[in-house]
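Undergrad: Just so it is clear, I am handing over upload.cif, which has mmCIF, C-alpha atoms.
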```cif
data_run
#
loop_
_atom_site.label_atom_id
_atom_site.label_comp_id
_atom_site.auth_asym_id
_atom_site.auth_seq_id
_atom_site.Cartn_x
_atom_site.Cartn_y
_atom_site.Cartn_z
CA MET A 1 102.27 -49.11 -127.51
CA LEU A 2 98.78 -47.90 -128.44
CA ASN A 3 97.87 -47.56 -124.78
CA ARG A 4 100.95 -45.46 -124.07
CA PHE A 5 100.28 -43.14 -127.01
CA PHE A 6 96.49 -42.73 -126.73
CA ARG A 7 96.25 -43.28 -122.93
CA PHE A 8 93.21 -45.56 -123.02
CA ARG A 9 93.23 -46.20 -119.28
CA ASP A 10 93.18 -42.50 -118.43
CA ALA A 11 90.25 -42.02 -120.80
CA GLY A 12 88.37 -45.06 -119.51
CA THR A 13 88.26 -46.82 -122.86
CA THR A 14 89.82 -49.68 -124.82
CA ALA A 15 91.29 -50.11 -128.28
CA GLY A 16 88.29 -52.21 -129.34
CA THR A 17 85.83 -49.54 -128.25
CA GLU A 18 87.81 -46.88 -130.12
CA VAL A 19 87.82 -48.92 -133.33
CA ILE A 20 84.05 -49.42 -133.18
CA ALA A 21 83.55 -45.72 -132.39
CA GLY A 22 85.68 -44.76 -135.38
CA ALA A 23 83.68 -47.03 -137.67
CA VAL A 24 80.42 -45.51 -136.42
CA THR A 25 81.65 -41.94 -136.93
CA PHE A 26 82.80 -42.81 -140.44
CA MET A 27 79.50 -44.46 -141.31
CA THR A 28 77.50 -41.41 -140.20
CA MET A 29 79.64 -38.98 -142.24
CA ALA A 30 80.48 -41.18 -145.24
CA TYR A 31 77.67 -39.46 -147.15
CA ILE A 32 80.09 -36.58 -147.74
CA ILE A 33 82.00 -38.79 -150.20
CA CYS A 34 78.97 -38.70 -152.49
CA VAL A 35 77.31 -35.41 -151.53
CA ASN A 36 80.34 -33.12 -151.74
CA PRO A 37 81.16 -34.09 -155.36
CA LEU A 38 77.48 -33.79 -156.25
CA ILE A 39 77.36 -30.17 -154.99
CA LEU A 40 80.74 -29.03 -156.33
CA SER A 41 80.22 -30.63 -159.73
CA GLU A 42 77.31 -28.20 -160.23
CA ALA A 43 79.98 -25.49 -160.37
CA GLY A 44 81.93 -27.30 -163.06
CA ILE A 45 84.47 -29.00 -160.81
CA PRO A 46 85.30 -32.54 -162.03
CA ARG A 47 83.10 -34.86 -160.02
CA ASP A 48 85.39 -37.90 -159.89
CA ALA A 49 88.34 -35.72 -158.93
CA VAL A 50 86.36 -34.12 -156.09
CA THR A 51 85.40 -37.59 -154.85
CA ILE A 52 89.05 -38.61 -154.50
CA ALA A 53 90.03 -35.20 -153.09
CA THR A 54 87.26 -35.43 -150.48
CA CYS A 55 88.53 -38.80 -149.26
CA LEU A 56 92.17 -37.71 -149.17
CA ALA A 57 91.56 -34.33 -147.52
CA ALA A 58 89.21 -35.78 -144.89
CA GLY A 59 91.65 -38.61 -144.20
CA ALA A 60 94.67 -36.31 -143.86
CA ALA A 61 92.92 -33.76 -141.63
CA THR A 62 91.32 -36.39 -139.38
CA LEU A 63 94.62 -38.27 -139.01
CA LEU A 64 96.32 -35.03 -137.98
CA MET A 65 93.57 -34.35 -135.45
CA GLY A 66 93.81 -37.81 -133.89
CA LEU A 67 97.60 -37.84 -133.59
CA ALA A 68 98.11 -34.20 -132.60
CA THR A 69 95.26 -33.77 -130.10
CA ASN A 70 94.26 -37.28 -128.95
CA TYR A 71 90.60 -36.35 -129.35
CA PRO A 72 87.94 -38.36 -131.28
CA PHE A 73 87.09 -35.48 -133.63
CA ALA A 74 86.71 -36.26 -137.33
CA LEU A 75 86.95 -33.74 -140.17
CA ALA A 76 85.69 -33.49 -143.75
CA PRO A 77 84.53 -30.82 -146.24
CA GLY A 78 81.87 -28.75 -144.50
CA MET A 79 78.28 -28.87 -145.65
CA GLY A 80 76.99 -25.36 -146.23
CA LEU A 81 80.46 -24.07 -146.97
CA ASN A 82 80.63 -26.28 -150.07
CA ALA A 83 77.22 -25.05 -151.25
CA PHE A 84 78.21 -21.41 -150.68
CA LEU A 85 81.41 -21.99 -152.66
CA ALA A 86 79.61 -23.69 -155.55
CA PHE A 87 76.45 -21.61 -155.87
CA GLY A 88 77.36 -18.34 -154.20
CA VAL A 89 80.96 -17.84 -155.32
CA VAL A 90 81.61 -19.87 -158.50
CA LEU A 91 78.17 -19.68 -160.13
CA GLY A 92 76.91 -16.50 -158.44
CA MET A 93 80.05 -14.39 -158.90
CA GLN A 94 81.31 -16.17 -162.00
CA LEU A 95 84.63 -16.85 -160.29
CA PRO A 96 86.75 -19.77 -161.58
CA TRP A 97 86.57 -22.67 -159.17
CA GLN A 98 90.35 -22.70 -158.85
CA ALA A 99 90.24 -19.12 -157.51
CA ALA A 100 87.42 -20.09 -155.12
CA MET A 101 89.63 -22.85 -153.71
CA GLY A 102 92.37 -20.26 -153.34
CA ILE A 103 89.99 -18.16 -151.22
CA VAL A 104 89.48 -21.20 -148.99
CA CYS A 105 93.26 -21.48 -148.55
CA VAL A 106 93.48 -17.78 -147.63
CA GLU A 107 90.62 -18.12 -145.15
CA GLY A 108 92.33 -21.08 -143.52
CA ALA A 109 95.58 -19.12 -143.25
CA ILE A 110 93.76 -16.23 -141.54
CA ILE A 111 92.17 -18.60 -139.03
CA LEU A 112 95.60 -20.17 -138.42
CA VAL A 113 96.96 -16.72 -137.51
CA LEU A 114 94.01 -16.19 -135.14
CA VAL A 115 94.83 -19.49 -133.44
CA LEU A 116 98.56 -18.80 -133.15
CA THR A 117 97.83 -15.39 -131.62
CA ASN A 118 95.36 -17.03 -129.19
CA VAL A 119 92.46 -14.91 -130.48
CA ARG A 120 90.33 -17.92 -131.40
CA GLU A 121 90.89 -19.54 -127.99
CA TRP A 122 90.08 -16.27 -126.18
CA VAL A 123 86.79 -16.04 -128.05
CA MET A 124 85.79 -19.59 -127.13
CA ASN A 125 86.70 -19.06 -123.48
CA ALA A 126 84.79 -15.76 -123.37
CA ILE A 127 81.45 -17.43 -124.11
CA PRO A 128 79.19 -17.87 -121.04
CA LEU A 129 78.75 -21.45 -119.87
CA ASN A 130 74.97 -21.45 -120.39
CA LEU A 131 75.41 -20.39 -124.02
CA LYS A 132 77.96 -23.16 -124.54
CA ARG A 133 75.47 -25.68 -123.20
CA ALA A 134 72.74 -24.21 -125.40
CA ILE A 135 74.95 -24.59 -128.48
CA GLY A 136 75.32 -28.29 -127.71
CA VAL A 137 71.56 -28.72 -127.26
CA GLY A 138 70.78 -26.76 -130.43
CA ILE A 139 73.21 -28.83 -132.45
CA GLY A 140 71.64 -31.97 -131.01
CA LEU A 141 68.24 -30.85 -132.30
CA PHE A 142 69.86 -29.88 -135.59
CA ILE A 143 71.36 -33.36 -136.02
CA ALA A 144 68.04 -35.00 -135.17
CA PHE A 145 66.26 -32.71 -137.66
CA ILE A 146 68.78 -33.63 -140.36
CA GLY A 147 68.10 -37.28 -139.56
CA LEU A 148 64.34 -36.79 -139.85
CA LYS A 149 64.79 -34.93 -143.13
CA SER A 150 67.16 -37.58 -144.52
CA SER A 151 64.72 -40.34 -143.62
CA GLY A 152 61.83 -38.61 -145.37
CA MET A 153 59.81 -38.45 -142.16
CA VAL A 154 59.89 -34.64 -142.41
CA VAL A 155 59.61 -32.87 -145.77
CA ALA A 156 59.46 -29.29 -147.04
CA ASN A 157 56.08 -27.62 -147.39
CA PRO A 158 55.51 -24.17 -148.96
CA ALA A 159 52.66 -23.36 -146.58
CA THR A 160 54.05 -24.63 -143.27
CA LEU A 161 57.80 -24.83 -144.08
CA VAL A 162 57.92 -28.47 -142.93
CA ALA A 163 55.35 -31.25 -142.85
CA PHE A 164 54.81 -34.96 -142.30
CA GLY A 165 56.56 -36.95 -145.01
CA GLY A 166 53.95 -39.63 -145.41
CA ILE A 167 54.39 -43.39 -145.51
CA THR A 168 56.95 -44.28 -148.16
CA VAL A 169 59.46 -47.10 -148.52
CA PRO A 170 62.44 -44.96 -147.33
CA VAL A 171 60.42 -43.78 -144.33
CA LEU A 172 59.48 -47.35 -143.41
CA VAL A 173 63.11 -48.49 -143.76
CA SER A 174 64.31 -45.60 -141.58
CA ALA A 175 61.59 -46.22 -139.00
CA ALA A 176 62.55 -49.89 -138.80
CA GLY A 177 66.20 -48.91 -138.42
CA LEU A 178 65.33 -46.38 -135.73
CA LEU A 179 63.36 -48.94 -133.72
CA LEU A 180 66.15 -51.50 -134.05
CA THR A 181 68.87 -49.03 -133.06
CA ALA A 182 66.81 -47.69 -130.13
CA PHE A 183 66.26 -51.27 -128.94
CA LEU A 184 69.99 -52.00 -129.13
CA MET A 185 70.76 -48.77 -127.25
CA ALA A 186 68.21 -49.64 -124.55
CA ARG A 187 69.82 -53.07 -124.18
CA ARG A 188 73.26 -51.40 -124.01
CA ILE A 189 74.56 -53.51 -126.89
CA ARG A 190 78.10 -52.55 -127.86
CA GLY A 191 78.26 -51.00 -131.31
CA SER A 192 74.53 -50.26 -131.40
CA LEU A 193 74.79 -47.41 -133.91
CA LEU A 194 77.11 -49.33 -136.22
CA ILE A 195 74.91 -52.43 -136.11
CA GLY A 196 71.89 -50.25 -136.80
CA ILE A 197 73.49 -48.60 -139.84
CA LEU A 198 74.63 -51.91 -141.36
CA ALA A 199 71.32 -53.67 -140.69
CA THR A 200 69.30 -50.78 -142.11
CA THR A 201 71.52 -50.69 -145.19
CA ALA A 202 70.81 -54.39 -145.74
CA VAL A 203 67.07 -53.74 -145.42
CA ALA A 204 67.38 -50.82 -147.83
CA VAL A 205 68.99 -53.08 -150.43
CA LEU A 206 66.20 -55.63 -150.04
CA ALA A 207 63.62 -52.84 -150.27
CA GLY A 208 65.15 -51.54 -153.49
CA ILE A 209 66.15 -48.06 -152.26
CA ALA A 210 69.86 -48.91 -152.21
CA ARG A 211 71.83 -50.81 -154.83
CA LEU A 212 74.92 -52.91 -154.58
CA PRO A 213 77.70 -51.28 -156.61
CA GLU A 214 78.72 -52.76 -159.95
CA SER A 215 82.30 -52.93 -158.70
CA ILE A 216 83.66 -52.88 -155.17
CA ILE A 217 87.14 -51.58 -156.02
CA SER A 218 87.80 -48.56 -158.22
CA LEU A 219 91.41 -47.55 -158.82
CA PRO A 220 91.82 -43.78 -159.45
CA GLY A 221 93.73 -42.55 -162.48
CA ALA A 222 95.54 -39.28 -163.20
CA ALA A 223 92.26 -37.49 -164.01
CA GLN A 224 90.99 -38.20 -160.50
CA PHE A 225 93.72 -35.97 -159.03
CA ALA A 226 92.96 -32.92 -161.19
CA THR A 227 91.75 -30.69 -158.35
CA ILE A 228 94.76 -31.20 -156.08
CA GLY A 229 96.99 -28.13 -156.13
CA ALA A 230 94.84 -26.26 -158.67
CA ALA A 231 94.33 -23.40 -156.20
CA PHE A 232 98.02 -22.51 -156.32
CA ASP A 233 98.09 -21.58 -159.99
CA PRO A 234 99.38 -17.94 -160.08
CA ARG A 235 96.76 -17.10 -162.73
CA TRP A 236 94.07 -16.95 -160.06
CA PHE A 237 95.87 -14.82 -157.46
CA SER A 238 94.76 -11.52 -159.02
CA LEU A 239 91.13 -12.63 -158.69
CA ILE A 240 91.44 -13.56 -155.02
CA PHE A 241 93.03 -10.44 -153.58
CA THR A 242 90.43 -7.87 -154.61
CA PRO A 243 88.10 -5.68 -152.49
CA GLY A 244 85.08 -7.58 -153.80
CA MET A 245 86.39 -10.84 -152.38
CA LEU A 246 86.74 -9.47 -148.82
CA ALA A 247 83.06 -10.17 -148.06
CA VAL A 248 83.44 -13.72 -149.40
CA ILE A 249 86.51 -14.36 -147.25
CA PHE A 250 84.68 -12.87 -144.24
CA THR A 251 81.70 -15.19 -144.77
CA PHE A 252 83.92 -18.26 -145.01
CA LEU A 253 85.89 -17.08 -141.97
CA LEU A 254 82.89 -16.48 -139.73
CA THR A 255 81.13 -19.71 -140.71
CA ASP A 256 84.24 -21.85 -140.28
CA PHE A 257 85.12 -20.14 -137.01
CA PHE A 258 81.83 -20.64 -135.23
CA ASP A 259 80.76 -23.95 -136.78
CA THR A 260 83.91 -25.49 -135.34
CA MET A 261 83.38 -23.77 -132.02
CA GLY A 262 79.87 -25.16 -131.75
CA THR A 263 80.97 -28.64 -132.77
CA VAL A 264 83.88 -28.78 -130.32
CA VAL A 265 81.75 -27.55 -127.43
CA ALA A 266 78.89 -29.91 -128.24
CA VAL A 267 80.94 -33.06 -128.84
CA GLY A 268 83.39 -32.26 -126.05
CA GLY A 269 80.52 -31.76 -123.63
CA GLY A 270 78.91 -35.04 -124.65
CA ALA A 271 82.19 -36.86 -124.09
CA GLY A 272 82.77 -35.25 -120.69
CA PHE A 273 85.91 -33.43 -121.83
CA LEU A 274 84.89 -29.94 -120.67
CA ASP A 275 85.93 -28.55 -117.30
CA ALA A 276 83.66 -26.79 -114.78
CA GLN A 277 83.80 -23.57 -116.84
CA GLY A 278 82.92 -25.40 -120.05
CA ARG A 279 86.48 -25.20 -121.41
CA LEU A 280 88.14 -27.92 -123.45
CA PRO A 281 91.66 -28.94 -122.37
CA ARG A 282 94.23 -28.75 -125.19
CA LEU A 283 91.81 -26.50 -127.06
CA LYS A 284 94.55 -24.66 -128.93
CA SER A 285 95.84 -27.86 -130.54
CA VAL A 286 92.30 -28.71 -131.74
CA LEU A 287 91.81 -25.25 -133.22
CA LEU A 288 95.27 -25.37 -134.80
CA VAL A 289 94.48 -28.60 -136.63
CA ASP A 290 91.04 -27.34 -137.66
CA SER A 291 92.50 -24.16 -139.16
CA ILE A 292 95.14 -26.13 -141.07
CA ALA A 293 92.36 -28.44 -142.28
CA ALA A 294 90.54 -25.51 -143.91
CA SER A 295 93.56 -24.81 -146.09
CA ILE A 296 94.00 -28.53 -146.77
CA GLY A 297 90.49 -28.54 -148.25
CA GLY A 298 91.34 -25.63 -150.53
CA ALA A 299 94.65 -27.16 -151.56
CA PHE A 300 93.00 -30.49 -152.41
CA GLY A 301 90.17 -28.73 -154.25
CA CYS A 302 87.23 -30.05 -152.21
CA SER A 303 86.14 -26.93 -150.25
CA SER A 304 86.93 -26.05 -146.63
CA VAL A 305 87.53 -29.03 -144.33
CA THR A 306 86.14 -28.61 -140.83
CA THR A 307 85.41 -30.58 -137.65
CA TYR A 308 82.26 -32.67 -138.06
CA ILE A 309 79.38 -32.78 -135.64
CA GLU A 310 78.92 -36.44 -136.64
CA SER A 311 81.90 -37.08 -134.37
CA ALA A 312 79.25 -37.22 -131.66
CA ALA A 313 78.14 -40.59 -133.04
CA GLY A 314 81.51 -42.13 -132.24
CA VAL A 315 81.54 -40.46 -128.82
CA SER A 316 78.13 -42.02 -128.15
CA GLU A 317 79.73 -45.41 -128.84
CA GLY A 318 82.44 -44.72 -126.25
CA GLY A 319 85.13 -43.09 -128.39
CA ARG A 320 87.32 -40.94 -126.15
CA THR A 321 90.78 -40.78 -127.73
CA GLY A 322 92.54 -39.96 -130.96
CA LEU A 323 92.43 -43.61 -132.04
CA THR A 324 88.78 -43.06 -132.98
CA ALA A 325 89.88 -40.29 -135.33
CA VAL A 326 92.75 -42.41 -136.71
CA VAL A 327 90.27 -45.19 -137.57
CA VAL A 328 88.03 -42.67 -139.33
CA SER A 329 91.00 -41.34 -141.32
CA LEU A 330 92.10 -44.83 -142.39
CA LEU A 331 88.56 -45.58 -143.59
CA PHE A 332 88.55 -42.35 -145.62
CA PHE A 333 91.89 -43.33 -147.19
CA LEU A 334 90.54 -46.80 -148.00
CA SER A 335 87.49 -45.16 -149.58
CA VAL A 336 89.76 -43.88 -152.34
CA PHE A 337 89.66 -47.47 -153.61
CA PHE A 338 86.31 -48.62 -152.20
CA TRP A 339 84.24 -45.46 -152.61
CA PRO A 340 81.52 -47.23 -154.70
CA LEU A 341 80.89 -49.55 -151.73
CA VAL A 342 80.86 -46.70 -149.19
CA GLY A 343 78.62 -44.65 -151.44
CA MET A 344 75.89 -47.28 -151.43
CA ILE A 345 74.96 -46.52 -147.79
CA PRO A 346 71.66 -44.63 -148.16
CA ALA A 347 70.47 -41.68 -146.11
CA ALA A 348 67.70 -43.91 -144.77
CA ALA A 349 70.37 -46.03 -143.03
CA THR A 350 72.28 -43.18 -141.36
CA ALA A 351 69.18 -41.20 -140.37
CA PRO A 352 68.34 -43.37 -137.31
CA ALA A 353 71.86 -42.90 -135.92
CA LEU A 354 71.62 -39.12 -136.36
CA ILE A 355 68.25 -38.97 -134.59
CA ILE A 356 69.54 -40.96 -131.61
CA VAL A 357 72.76 -38.95 -131.41
CA GLY A 358 70.64 -35.78 -131.41
CA PHE A 359 68.68 -37.13 -128.46
CA LEU A 360 71.86 -37.91 -126.53
CA MET A 361 73.31 -34.46 -127.18
CA MET A 362 70.26 -32.50 -126.04
CA THR A 363 70.17 -34.14 -122.60
CA ILE A 364 72.50 -31.40 -121.31
CA VAL A 365 69.55 -28.98 -121.55
CA ARG A 366 68.90 -29.79 -117.89
CA ASP A 367 72.17 -28.08 -116.90
CA ILE A 368 71.19 -24.66 -118.30
CA GLU A 369 70.33 -22.09 -115.60
CA TRP A 370 66.70 -21.54 -116.61
CA SER A 371 65.88 -19.42 -113.54
CA ASN A 372 68.12 -16.57 -114.78
CA PHE A 373 66.25 -14.92 -117.67
CA THR A 374 69.24 -12.94 -118.97
CA GLU A 375 71.11 -16.24 -119.37
CA ALA A 376 68.18 -18.49 -120.22
CA PHE A 377 66.52 -16.52 -123.01
CA PRO A 378 69.66 -16.20 -125.20
CA ALA A 379 70.24 -19.91 -124.56
CA PHE A 380 66.67 -20.69 -125.65
CA LEU A 381 67.06 -18.55 -128.76
CA THR A 382 70.27 -20.39 -129.67
CA ILE A 383 68.61 -23.78 -129.22
CA LEU A 384 65.62 -22.71 -131.31
CA THR A 385 67.39 -21.04 -134.22
CA ILE A 386 70.22 -23.49 -134.91
CA PRO A 387 67.83 -26.08 -136.41
CA LEU A 388 65.30 -23.56 -137.75
CA THR A 389 67.91 -21.57 -139.71
CA TYR A 390 69.64 -24.81 -140.71
CA SER A 391 72.88 -23.14 -139.66
CA ILE A 392 75.01 -23.57 -136.54
CA THR A 393 76.66 -20.21 -137.17
CA LYS A 394 73.42 -18.25 -137.63
CA GLY A 395 71.89 -19.85 -134.54
CA ILE A 396 74.93 -18.94 -132.45
CA GLY A 397 74.69 -15.40 -133.84
CA TYR A 398 71.10 -14.99 -132.66
CA GLY A 399 72.05 -16.16 -129.18
CA PHE A 400 75.12 -13.95 -128.90
CA ILE A 401 73.33 -10.79 -130.07
CA ALA A 402 70.45 -11.49 -127.67
CA TYR A 403 72.85 -12.11 -124.77
CA VAL A 404 74.68 -8.82 -125.26
CA GLY A 405 71.48 -6.84 -125.91
CA ILE A 406 69.51 -8.18 -122.92
CA ASN A 407 72.37 -7.76 -120.47
CA LEU A 408 73.07 -4.23 -121.69
CA LEU A 409 69.41 -3.21 -121.28
CA SER A 410 69.33 -4.90 -117.87
CA GLY A 411 72.22 -2.77 -116.61
CA ARG A 412 74.68 -5.67 -116.52
CA ALA A 413 77.19 -4.32 -119.01
CA ARG A 414 80.10 -5.10 -116.67
CA GLU A 415 79.17 -8.79 -116.61
CA ILE A 416 79.64 -9.10 -120.38
CA HIS A 417 83.09 -10.19 -121.51
CA PRO A 418 84.58 -7.48 -123.77
CA LEU A 419 85.06 -9.98 -126.61
CA MET A 420 81.33 -10.70 -126.61
CA TYR A 421 80.65 -7.14 -127.78
CA LEU A 422 82.97 -7.63 -130.74
CA ILE A 423 81.52 -11.03 -131.60
CA ALA A 424 77.93 -9.73 -131.45
CA ALA A 425 78.90 -6.83 -133.72
CA LEU A 426 80.52 -9.19 -136.23
CA PHE A 427 77.42 -11.35 -136.28
CA GLY A 428 75.31 -8.25 -136.85
CA LEU A 429 77.52 -7.39 -139.81
CA ASP A 430 77.22 -10.94 -141.12
CA PHE A 431 73.43 -10.84 -140.89
CA TRP A 432 73.37 -7.49 -142.69
CA LEU A 433 75.59 -8.77 -145.50
CA ALA A 434 73.49 -11.93 -145.83
CA GLY A 435 70.34 -9.85 -146.16
CA LYS A 436 71.63 -7.63 -148.96
#
```
Take the structure in this file and express it as structure tokens.

TA:
Amino acid sequence: MLNRFFRFRDAGTTAGTEVIAGAVTFMTMAYIICVNPLILSEAGIPRDAVTIATCLAAGAATLLMGLATNYPFALAPGMGLNAFLAFGVVLGMQLPWQAAMGIVCVEGAIILVLVLTNVREWVMNAIPLNLKRAIGVGIGLFIAFIGLKSSGMVVANPATLVAFGGITVPVLVSAAGLLLTAFLMARRIRGSLLIGILATTAVAVLAGIARLPESIISLPGAAQFATIGAAFDPRWFSLIFTPGMLAVIFTFLLTDFFDTMGTVVAVGGGAGFLDAQGRLPRLKSVLLVDSIAASIGGAFGCSSVTTYIESAAGVSEGGRTGLTAVVVSLLFFLSVFFWPLVGMIPAAATAPALIIVGFLMMTIVRDIEWSNFTEAFPAFLTILTIPLTYSITKGIGYGFIAYVGINLLSGRAREIHPLMYLIAALFGLDFWLAGK
């Protein structure tokens, strides 16, 4: 029955491989169960309630993705979007958090309309193939950089922006985990990333940088569901639909739109899903689920839910069908009861997996047409700025603006897809608003 539904043979995979891939994806993104409540609680949103909402929203959205698209893409509240909601909207604009969640619902509804009218799909198909490849490479470097930062190997420095993190216990634990995981990958051991995460977690416990939870099971009570549905209180509607909120909705819209685009292109390319033109089959169904997921996040009160780049970890383990996503969703649902156990996995344990996944994703750099400067330089700029701006969307924006500008100045205006002009202009507007 599973084979008929998920078509394992057509995808060249097995149910066992998909289960392992789902577990790996979940392990690499389980940090969101702890991090999302930590960020949103700064804005006065009940922390325990956000924890439960994060698990439920991620589980529901990922289950929908797996069953509706048969792709191994996992979803959860987006990092960056949650920080913008907490610090930029709630604290910065003094907007009630319930109204901020309502804005997320509105933004998701707008994206849904763009999907149903095929606008979002047209935009993705209008992007040149070399830029699509560059997005995947840039995100690979971004993931590896996040891994290095999480491990403590790279730290902030006011003089040089980043610097060597020194020799600390977390760094040593991460380094040991990286060597172990790399060895397992080199030996082609099945489940290398999962084994690496679990083994590194065990070492972290022994080293004292991770603690076993006081209780494994934690049953949620009524207070833990306080954020669900709060966005639909009519008291907040008058605050949402005002001219001042248009820029906020636009920021959410642009970030959600292009973060997902970059993730789908990068993960789809790594899995071999893209065709010769760099297009993803059944793209509309993926975008449809992702747009619905944004509103799910607002409705549950845990910020916008989006497709996660950590899905690449499961793809690296051989995940090729929706069963990978279904496994991830079930683990998120189980985390409602076992979230103290999931939350004990330290950043030092997931960092090695992120570094290796970043390496695997950037191997497509060889396919970029480096001999054509008008194609290669925007691709280079995209690769460079995604990790350096710590933003997939901003990095894509640099590349798109450069692509349109260079080709216009080179007398190749006719070679630019008309939608690229509009996209470049929107990114220019976004950069201007961000700089005000």

Undergrad: Which neighbours of Ala202 (chain A) fall inside 12 Å, counting all atoms listed in the file, when residues of the same chain fewer than 6 positions from it are skipped, and could you give them as number ranges by chain?

TA: A: 173-174, 176-177, 195-196, 208-212, 344-346, 348-349

Undergrad: If we count all atoms listed in the file and set the cut-off at 12 Å, which residues sit around Ala226 (chain A), ignoring sequence neighbours fewer than 2 positions away in its own chain? Please answer as a PyMOL selection string.

TA: chain A and resi 45-53+98+220-224+228-231+299-302

Undergrad: Taking the file as shown, what set of residues would the PyMOL selection byres ((chain A and resi 273) around 12) give back, as a PyMOL selection string?

TA: chain A and resi 11+70-72+264-272+274-283+315+319-321

Undergrad: Take every atom of region 380-389 of chain A listed in the file, fit an axis-aligned box around them, add 5 Å per side, and give the centre and edge lengths in Å to one decimal as JSON.

TA:
```
{"center_x": 67.8, "center_y": -22.3, "center_z": -132.7, "size_x": 15.0, "size_y": 17.5, "size_z": 24.1}
```

Undergrad: May I ask for the distance between CA of Leu40 (chain A) and CA of Asn82 (chain A), given in Å to one decimal place?

TA: 6.8 Å

Undergrad: Restricting the calculation to all atoms listed in the file, which member of A:Leu194, A:Lys394, A:Leu330, A:Ala376 is positioned closest to Ile20 (chain A)?

TA: A:Leu194

Undergrad: May I have the protein, DNA and RNA residues with an atom at most 9 Å from (88.7, -32.5, -146.0), counting all atoms listed in the file in the file's coordinates, returned as a PyMOL selection string?

TA: chain A and resi 53-62+75-78+293-294+296-298+300+302-306

Undergrad: Determine the nearest neighbour of Ile386 (chain A) from the options A:Leu141, A:Ala199, A:Leu334, A:Ile103, counting all atoms listed in the file.

TA: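 Nearest to Ile386 (chain A): A:Leu141.
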
Undergrad: What residues come out when you apply the PyMOL selection byres ((chain A and resi 5) around 12) to this file, written as a PyMOL selection string?

TA: chain A and resi 1-4+6-11+15+66-70+321-323

Undergrad: Using C-alpha atoms, can you export the residues from the last selection as a tab-separated table (two decimals), in the frame of the given file?

TA:
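Writing the result to part03.tsv gives the following:
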```
chain	number	residue	atom	x	y	z
A	1	MET	CA	102.27	-49.11	-127.51
A	2	LEU	CA	98.78	-47.90	-128.44
A	3	ASN	CA	97.87	-47.56	-124.78
A	4	ARG	CA	100.95	-45.46	-124.07
A	6	PHE	CA	96.49	-42.73	-126.73
A	7	ARG	CA	96.25	-43.28	-122.93
A	8	PHE	CA	93.21	-45.56	-123.02
A	9	ARG	CA	93.23	-46.20	-119.28
A	10	ASP	CA	93.18	-42.50	-118.43
A	11	ALA	CA	90.25	-42.02	-120.80
A	15	ALA	CA	91.29	-50.11	-128.28
A	66	GLY	CA	93.81	-37.81	-133.89
A	67	LEU	CA	97.60	-37.84	-133.59
A	68	ALA	CA	98.11	-34.20	-132.60
A	69	THR	CA	95.26	-33.77	-130.10
A	70	ASN	CA	94.26	-37.28	-128.95
A	321	THR	CA	90.78	-40.78	-127.73
A	322	GLY	CA	92.54	-39.96	-130.96
A	323	LEU	CA	92.43	-43.61	-132.04
```

Undergrad: Starting from the shown file, work through the PyMOL selection byres ((chain A and resi 307) around 7) and note down what comes out as a list of chain:residue names.

TA: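 Going through the file, the PyMOL selection byres ((chain A and resi 307) around 7) ends up selecting A:Phe73, A:Ala74, A:Leu75, A:Ala76, A:Thr260, A:Thr263, A:Asp290, A:Thr306, A:Tyr308, A:Ile309.
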
Undergrad: Counting only C-alpha atoms, which of A:Phe252, A:Trp236, A:Phe164, A:Phe225 gets nearest to Leu95 (chain A)?

TA: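 Among A:Phe252, A:Trp236, A:Phe164, A:Phe225, it is A:Trp236 that comes nearest to Leu95 (chain A).
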
Undergrad: How many Å separate CA of Phe145 (chain A) from CA of Leu161 (chain A)?

TA: 13.2 Å

Undergrad: For Leu253 (chain A), which residue among A:Pro387, A:Gly108, A:Gly435, A:Pro340 is the nearest when counting only C-alpha atoms?

TA: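 Closest to Leu253 (chain A) of all the choices is A:Gly108.
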